[in-house]
Every structure is written in C-alpha cells, then in structure tokens.
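One structure is given here, and the rest of the page talks about it.
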Amino acid sequence: MSTSSQTPDAPEQKRSLKDKLLHEAREWAVTLAIFIPAFYIFSFLIYEQRVIPSESMVPNLQVGDRVAVNKFAYGYSRYSLPWGAWRLLPEGDGRVFGGKPERGDVAVFMHPHTDRVMIKRIIGLPGDQVQMIDEQLYLNGKPIERDFVRRIRYVPHTQSYAETAREYRETINGQSWLTHQWQQGDNQMRSLDTTPVFEVPEGHYLFIGDNRDNSEDGRSTTGHCPPNEQGVIDRAGCEPPRGISPEEASVGFVPAENLIGRADTVLFSTYSCAKAQAEPCMKKRLWRGL
C-alpha cells in the first residue's frame, strides 16, 4: 500500500515565506508611520529631553543630567520645533499661546548670537534692573536674600583635581535655589563678580547660571549693546563688539521668541567624575524636580 506526501512543494513554501515577510514589513511601516509623527508632535507640543553639557548650573544641574523640558510652559515660537527644524521657517518675532516666564525659572533657550541651545536661570524680567556687586546679586537696587550654607569640595567635570566652593541659598519672592562661588575662581570669571547695571528691555530676559564662577551668561558685556550715558545697559539687538565673534559673545538679553521651554525635572543622570585626593563626586539624581 503506497502513501503520498502532504507537504507543500518548494514554490508554495517560498511564496508563503515571502508573504510573511511582506506582512511584517507592512506592519512595521504602519507602526513607524504612527509613531514618528506622534513622537514629533509630543516633542514639539509637550515635552522634550535635553542633556546638560556643562557645569554652569551646578549644583542644581550636573553634566550628563537628562532634563525634561516643558514646551507648553511659555507657548510656542519657531525655536520650539525640535531637531533643528526651526531653520526651515522664516525669521519672525512672537509666540503663540505664550505663558509668562517667572523669575527663578530654569529655562532652555536659543543663544541670540549663535545656534547654541543653552540652559540658565531667569533672573531679570522686563523692566528689572540687575547688577552684581562683589559677588552679591542686586535686583532693582536691593541685594537679594543670600544665606551661606557650607563649603564643599568636589571634582569638576573638566578637571582631575578638587575645587572648593562656597555654597549659598538665594531667595527671591519666596523661591530659593543653591548657588556656588568658587573659593579661587579664574580671573576672567572674577570680572563678573561686579558688573554694570543691566536694565532688561521689554520682551527680553536676563539669564544667570547658578555656578557663578563657571558660567558665561548675561553678566558678561560681550553679548550686550554699549551702555547709555548713565552707564546702564538697557538695549538689545546689537552685534557683538568688534573683535568678538558670535561664538565668543555672551548671551546678552534673550528675546522672548528664543525661549524653548522650562526645565521641570531631572529624569536621570549619567554624570561621573574622576575622584581626586579622596574627594567625593557629586551624587547622581533620579526623577528630581527643579
């Protein structure tokens, strides 16, 4: 008694495999067609993630921190587009659905003179007068509340030896944050310990980093217009001084249009440092509000 094989022939097997691969490819295409626009819309309208590249906001932000940036806090402008897509839009002022930034916000913004994205703390609102006198921050002619916390030694990201910093708690209108002043800052940064008076123009903001001796920010005059007859810097929109390239210029006054969002949360940190002289590195953080 003979039996016949029930297995499909080779062409049918190949066709079945081909159909399966095509089906999986279509499934992936549909998934990507949904995911990519959804991710782009989420990054544009709601939140995006930024990585901290420098120590200008130590001790509150460290190199390697992944920060969630609230995109709808200040509304939207051309700079709200993620991945550099703002370059495709024509220049223009203004924001839509604009919320008002508050003094003390840690904000992400576009450098007015270059394409660099930066993160600093908003100190000066439109109409405010801001000045540094002997390391003390003055707001509208009055020194802000500042309390000494401690001396701390740690190894900066760019060094293999420890620095000593004086840690202070600054408070403005009930909101407080920590700042660092190095025990021995370099001469260039020491020049920012005493500054001219900056009067913030309408539609602009003045940003300062929390790590005062390691932050190139609105205290530096290289990104500002020349002072008026009274010595007050109160205008925006000037080119950097002769001999200063846009890359070397400070941020100056930042237009409202250049705001990207408010940094709300440190999601996690990949920060690491080389220990020196048995000094500790700063602690890593996970899901910590700013």
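Chain labels run A, B, ... following the order of the structure tokens; each chain numbers its residues from 1, and ligands are numbered from 1 in the order shown.
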
| task | From a DSSP calculation on the backbone, collect every residue of segment 134-226 of chain A in strand (DSSP E) and output the set as a VMD selection string. | result | chain A and resid 136 to 139 142 to 143 145 to 154 163 to 172 175 to 182 197 to 199 204 to 208

| request: Would you kindly return, as a PyMOL selection string, each protein, DNA or RNA residue with an atom no farther than 8 Å from any atom of Ser220 of chain A, considering only C-alpha atoms and excluding same-chain residues fewer than 5 positions away? | output: chain A and resi 192+195+250+252

| said: Between A:Thr164, A:Asn211, A:Thr270, A:Thr222, which residue has the minimum interatomic distance to Leu178 of chain A, considering only C-alpha atoms? | reply: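 Nearest to Leu178 of chain A: A:Asn211.
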
| query | atom CA of Val232 of chain A and atom CA of Val130 of chain A, how far apart in Å? | reply |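 Result for atom CA of Val130 of chain A versus atom CA of Val232 of chain A: 10.0 Å, one decimal.
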
| Pairwise distance for atom CA of Glu202 of chain A and atom CA of Gln230 of chain A, rounded to one decimal in Å | 19.1 Å
